[in-house]
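K.L.:
I'd like to ask you about the structure that follows.
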Amino acid sequence: NAGVMQNPRHLVRRRGQEARLRCSPMKGHSHVYWYRQLPEEGLKFMVYLQKENIIDESGMPKERFSAEFPKEGPSILRIQQVVRGDSAAYFCASSSVGDSHEQFFGPGTRLTVL
Amino acid sequence: SQQGEEDPQALSIQEGENATMNCSYKTSINNLQWYRQNSGRGLVHLILIRSNEREKHSGRLRVTLDTSKKSSSLLITASRAADTASYFCATANSGGSNYKLTFGKGTLLTVNP
């Protein structure tokens, strides 16, 4: 049973480009969470999704950021018109229930904006 | 201070010694969890302690929780060089959004061989 998978592991973008981060949850998990880790910081909650639904996006910046978890395929975190301040590690977690007890984290995508 | 704040920020010890890290938080919690992160890597879940528990053990790890003081400690006994990593506590609030983990900035532990 593969764990949470994220790709790419490293992503380099120039300012103004778009970044698309993918997360495949563990088999049987229908709840996905995205967290962002800035350098020297802890993880910050961004968004919680279930299949085809955004449950809580209270941690998402109001502009340029969006997330989806379609019926088929991975969850996508999309950052439009990236700026240097978006450089961070983005972690995805998944669970079988919408609960903090069962979240399993992926290896993260490290985004660098030049 | 922020929710789930660890101290010390950095800790350096010799192999074989014990390492103690502390975490303080502000709100009512459903549970508190400790994670390890090796440099540039993902998170590894270490242990979860529920709000109605006071102490929990897992191998060389011992976690305590004092809800009256809103604090927790993580003790690693007989440390090894491989324990070198950043350690984070994360809290899940009681109430409707208990899926949301709030992390502190972490303690960087260095175990010298």
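Identifiers in the structure tokens: chain A, B, ... in order shown; residue index from 1 per chain; ligand index from 1 in order shown.
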Counting only C-alpha atoms, collect the residues of chain A whose closest atom lies at most 9 Å from chain B, and write them out as a list in words.
P.N.:
Tyr33, Glu40, Glu41, Gly42, Leu43, Lys44, Phe45, Val47, Tyr48, Asp56, Ala89, Phe91, Gly98, Asp99, Ser100, His101, Gln103, Phe104, Phe105, Gly106, Pro107, Gly108 and Arg110 of chain A
K.L.:
Generate a file of the selected residues that holds N, CA and C atoms, formatted as a short mmCIF file (atom, residue, chain, number, x, y, z; two decimals), in the first residue's frame.
P.N.:
```
data_model
loop_
_atom_site.label_atom_id
_atom_site.label_comp_id
_atom_site.auth_asym_id
_atom_site.auth_seq_id
_atom_site.Cartn_x
_atom_site.Cartn_y
_atom_site.Cartn_z
N TYR A 33 -5.49 17.17 2.59
CA TYR A 33 -5.14 18.43 3.25
C TYR A 33 -3.84 18.94 2.64
N GLU A 40 12.41 27.69 7.81
CA GLU A 40 12.58 27.85 9.26
C GLU A 40 11.24 27.96 10.00
N GLU A 41 10.18 27.52 9.41
CA GLU A 41 8.87 27.62 10.05
C GLU A 41 8.23 26.24 10.17
N GLY A 42 7.16 26.17 10.96
CA GLY A 42 6.35 24.96 10.99
C GLY A 42 5.36 24.96 9.85
N LEU A 43 4.63 23.89 9.74
CA LEU A 43 3.64 23.78 8.67
C LEU A 43 2.40 24.61 9.00
N LYS A 44 1.83 25.21 7.97
CA LYS A 44 0.60 26.00 8.12
C LYS A 44 -0.49 25.40 7.25
N PHE A 45 -1.63 25.15 7.84
CA PHE A 45 -2.77 24.60 7.13
C PHE A 45 -3.21 25.53 6.02
N VAL A 47 -5.67 24.13 3.13
CA VAL A 47 -6.99 23.76 2.61
C VAL A 47 -7.27 22.30 2.89
N TYR A 48 -8.56 22.00 3.03
CA TYR A 48 -9.02 20.63 3.27
C TYR A 48 -10.07 20.32 2.20
N ASP A 56 -12.72 23.33 3.62
CA ASP A 56 -12.20 24.45 4.41
C ASP A 56 -10.98 25.01 3.69
N ALA A 89 8.01 24.72 1.01
CA ALA A 89 7.69 23.30 0.83
C ALA A 89 6.20 23.13 1.02
N PHE A 91 3.21 20.49 1.54
CA PHE A 91 2.96 19.11 1.94
C PHE A 91 1.47 18.79 1.80
N GLY A 98 -12.39 12.53 8.06
CA GLY A 98 -12.03 13.94 8.21
C GLY A 98 -11.65 14.26 9.64
N ASP A 99 -10.46 13.84 9.98
CA ASP A 99 -10.06 13.90 11.38
C ASP A 99 -8.55 14.07 11.44
N SER A 100 -8.08 14.71 12.51
CA SER A 100 -6.64 14.90 12.63
C SER A 100 -5.91 13.63 13.02
N HIS A 101 -6.67 12.63 13.53
CA HIS A 101 -6.01 11.44 14.05
C HIS A 101 -5.32 10.62 12.98
N GLN A 103 -4.08 11.52 9.73
CA GLN A 103 -3.46 12.17 8.57
C GLN A 103 -2.07 11.61 8.32
N PHE A 104 -1.83 11.20 7.10
CA PHE A 104 -0.53 10.69 6.67
C PHE A 104 0.05 11.68 5.66
N PHE A 105 1.28 12.07 5.89
CA PHE A 105 1.88 13.12 5.06
C PHE A 105 2.70 12.55 3.92
N GLY A 106 2.69 13.28 2.81
CA GLY A 106 3.56 12.97 1.69
C GLY A 106 4.93 13.60 1.89
N PRO A 107 5.85 13.37 0.94
CA PRO A 107 7.22 13.85 1.07
C PRO A 107 7.38 15.34 0.77
N GLY A 108 6.33 15.95 0.20
CA GLY A 108 6.40 17.39 -0.05
C GLY A 108 6.91 17.73 -1.44
N ARG A 110 9.01 20.92 -3.07
CA ARG A 110 9.76 22.12 -2.74
C ARG A 110 9.74 23.05 -3.94
#
```
K.L.:
If you run DSSP on this backbone, which residues of chain A come out as helix (DSSP H, G or I), and could you give them as a ChimeraX atom specification?
P.N.:
/A:84-86,100-102
K.L.:
Taking into account only C-alpha atoms, which residue in the set B:Val111, B:Ser51, B:Ala81, B:Lys70 is nearest to Tyr25 of chain B?
P.N.:
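Selected residue with least distance to Tyr25 of chain B: B:Lys70.
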K.L.:
Counting only C-alpha atoms, what is within 9 Å of Ile79 of chain A, bar same-chain residues fewer than 3 positions away, as an MDAnalysis selection string?
P.N.:
chainID A and resid 17:21 63:67 82 86
K.L.:
Next, the residues of the selection above should be written as an mmCIF file, in the first residue's frame with all heavy atoms.
P.N.:
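Resulting contents of out36.cif:
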```cif
data_model
loop_
_atom_site.group_PDB
_atom_site.id
_atom_site.type_symbol
_atom_site.label_atom_id
_atom_site.label_comp_id
_atom_site.auth_asym_id
_atom_site.auth_seq_id
_atom_site.Cartn_x
_atom_site.Cartn_y
_atom_site.Cartn_z
ATOM 1 N N GLN A 17 5.111 32.818 -13.542
ATOM 2 C CA GLN A 17 4.672 31.538 -14.095
ATOM 3 C C GLN A 17 3.664 30.864 -13.168
ATOM 4 O O GLN A 17 3.386 31.331 -12.059
ATOM 5 C CB GLN A 17 5.887 30.621 -14.315
ATOM 6 C CG GLN A 17 6.812 31.103 -15.415
ATOM 7 C CD GLN A 17 7.955 30.118 -15.671
ATOM 8 O OE1 GLN A 17 8.520 29.535 -14.739
ATOM 9 N NE2 GLN A 17 8.288 29.940 -16.942
ATOM 10 N N GLU A 18 3.147 29.756 -13.633
ATOM 11 C CA GLU A 18 2.186 28.990 -12.849
ATOM 12 C C GLU A 18 2.872 27.748 -12.276
ATOM 13 O O GLU A 18 3.733 27.156 -12.928
ATOM 14 C CB GLU A 18 1.008 28.552 -13.723
ATOM 15 C CG GLU A 18 -0.036 27.714 -12.978
ATOM 16 C CD GLU A 18 -1.192 27.307 -13.874
ATOM 17 O OE1 GLU A 18 -2.014 28.180 -14.202
ATOM 18 O OE2 GLU A 18 -1.262 26.114 -14.239
ATOM 19 N N ALA A 19 2.481 27.383 -11.073
ATOM 20 C CA ALA A 19 2.976 26.153 -10.460
ATOM 21 C C ALA A 19 1.792 25.228 -10.194
ATOM 22 O O ALA A 19 0.756 25.667 -9.683
ATOM 23 C CB ALA A 19 3.696 26.460 -9.151
ATOM 24 N N ARG A 20 1.950 23.965 -10.571
ATOM 25 C CA ARG A 20 0.914 22.968 -10.315
ATOM 26 C C ARG A 20 1.534 21.832 -9.529
ATOM 27 O O ARG A 20 2.470 21.175 -10.001
ATOM 28 C CB ARG A 20 0.311 22.450 -11.629
ATOM 29 C CG ARG A 20 -0.489 23.517 -12.365
ATOM 30 C CD ARG A 20 -0.891 23.054 -13.749
ATOM 31 N NE ARG A 20 -1.907 22.022 -13.721
ATOM 32 C CZ ARG A 20 -3.218 22.250 -13.708
ATOM 33 N NH1 ARG A 20 -3.670 23.503 -13.685
ATOM 34 N NH2 ARG A 20 -4.079 21.263 -13.716
ATOM 35 N N LEU A 21 1.008 21.617 -8.337
ATOM 36 C CA LEU A 21 1.518 20.593 -7.448
ATOM 37 C C LEU A 21 0.457 19.499 -7.333
ATOM 38 O O LEU A 21 -0.726 19.790 -7.158
ATOM 39 C CB LEU A 21 1.812 21.180 -6.064
ATOM 40 C CG LEU A 21 3.016 22.111 -5.904
ATOM 41 C CD1 LEU A 21 2.888 23.385 -6.740
ATOM 42 C CD2 LEU A 21 3.186 22.483 -4.437
ATOM 43 N N GLU A 63 -5.836 35.299 -3.220
ATOM 44 C CA GLU A 63 -5.589 35.426 -4.655
ATOM 45 C C GLU A 63 -4.505 34.459 -5.095
ATOM 46 O O GLU A 63 -3.632 34.072 -4.322
ATOM 47 C CB GLU A 63 -5.158 36.868 -4.987
ATOM 48 C CG GLU A 63 -6.234 37.904 -4.662
ATOM 49 C CD GLU A 63 -5.762 39.324 -4.929
ATOM 50 O OE1 GLU A 63 -4.555 39.522 -5.160
ATOM 51 O OE2 GLU A 63 -6.611 40.228 -4.902
ATOM 52 N N ARG A 64 -4.580 34.054 -6.312
ATOM 53 C CA ARG A 64 -3.578 33.264 -7.046
ATOM 54 C C ARG A 64 -3.536 31.796 -6.657
ATOM 55 O O ARG A 64 -2.999 30.997 -7.407
ATOM 56 C CB ARG A 64 -2.166 33.881 -6.902
ATOM 57 C CG ARG A 64 -2.041 35.319 -7.352
ATOM 58 C CD ARG A 64 -0.586 35.789 -7.325
ATOM 59 N NE ARG A 64 -0.044 35.780 -5.965
ATOM 60 C CZ ARG A 64 0.853 34.902 -5.527
ATOM 61 N NH1 ARG A 64 1.318 33.955 -6.321
ATOM 62 N NH2 ARG A 64 1.298 34.981 -4.293
ATOM 63 N N PHE A 65 -4.082 31.434 -5.528
ATOM 64 C CA PHE A 65 -4.024 30.043 -5.074
ATOM 65 C C PHE A 65 -5.384 29.381 -5.261
ATOM 66 O O PHE A 65 -6.420 29.966 -4.944
ATOM 67 C CB PHE A 65 -3.643 29.963 -3.594
ATOM 68 C CG PHE A 65 -2.192 30.211 -3.308
ATOM 69 C CD1 PHE A 65 -1.646 31.472 -3.448
ATOM 70 C CD2 PHE A 65 -1.365 29.163 -2.890
ATOM 71 C CE1 PHE A 65 -0.302 31.709 -3.189
ATOM 72 C CE2 PHE A 65 -0.021 29.389 -2.615
ATOM 73 C CZ PHE A 65 0.500 30.662 -2.762
ATOM 74 N N SER A 66 -5.354 28.146 -5.738
ATOM 75 C CA SER A 66 -6.589 27.376 -5.826
ATOM 76 C C SER A 66 -6.257 25.900 -5.651
ATOM 77 O O SER A 66 -5.112 25.477 -5.869
ATOM 78 C CB SER A 66 -7.290 27.601 -7.176
ATOM 79 O OG SER A 66 -6.473 27.164 -8.244
ATOM 80 N N ALA A 67 -7.251 25.128 -5.238
ATOM 81 C CA ALA A 67 -7.043 23.700 -5.033
ATOM 82 C C ALA A 67 -8.267 22.954 -5.504
ATOM 83 O O ALA A 67 -9.385 23.472 -5.458
ATOM 84 C CB ALA A 67 -6.769 23.401 -3.563
ATOM 85 N N VAL A 82 3.328 33.143 -9.854
ATOM 86 C CA VAL A 82 4.103 32.957 -8.629
ATOM 87 C C VAL A 82 5.025 34.140 -8.368
ATOM 88 O O VAL A 82 5.505 34.811 -9.286
ATOM 89 C CB VAL A 82 4.930 31.648 -8.685
ATOM 90 C CG1 VAL A 82 4.017 30.442 -8.729
ATOM 91 C CG2 VAL A 82 5.905 31.647 -9.846
ATOM 92 N N ASP A 86 6.327 32.842 -2.567
ATOM 93 C CA ASP A 86 5.659 31.531 -2.641
ATOM 94 C C ASP A 86 6.651 30.385 -2.477
ATOM 95 O O ASP A 86 6.231 29.219 -2.350
ATOM 96 C CB ASP A 86 4.950 31.380 -3.998
ATOM 97 C CG ASP A 86 3.831 32.390 -4.192
ATOM 98 O OD1 ASP A 86 3.254 32.842 -3.181
ATOM 99 O OD2 ASP A 86 3.540 32.739 -5.357
#
```
K.L.:
For Leu49 of chain A, which residue out of A:Ser24, A:Gln6, A:Gln37, A:Ser94 is the nearest one, using only C-alpha atoms?
P.N.:
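Nearest candidate to Leu49 of chain A out of A:Ser24, A:Gln6, A:Gln37, A:Ser94: A:Ser94.
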K.L.:
Pick out each residue of segment 35-75 of chain A that DSSP on the backbone tags as strand (DSSP E or B); I need them as a ChimeraX atom specification.
P.N.:
/A:35-37,43-50,53-56,65-68,75
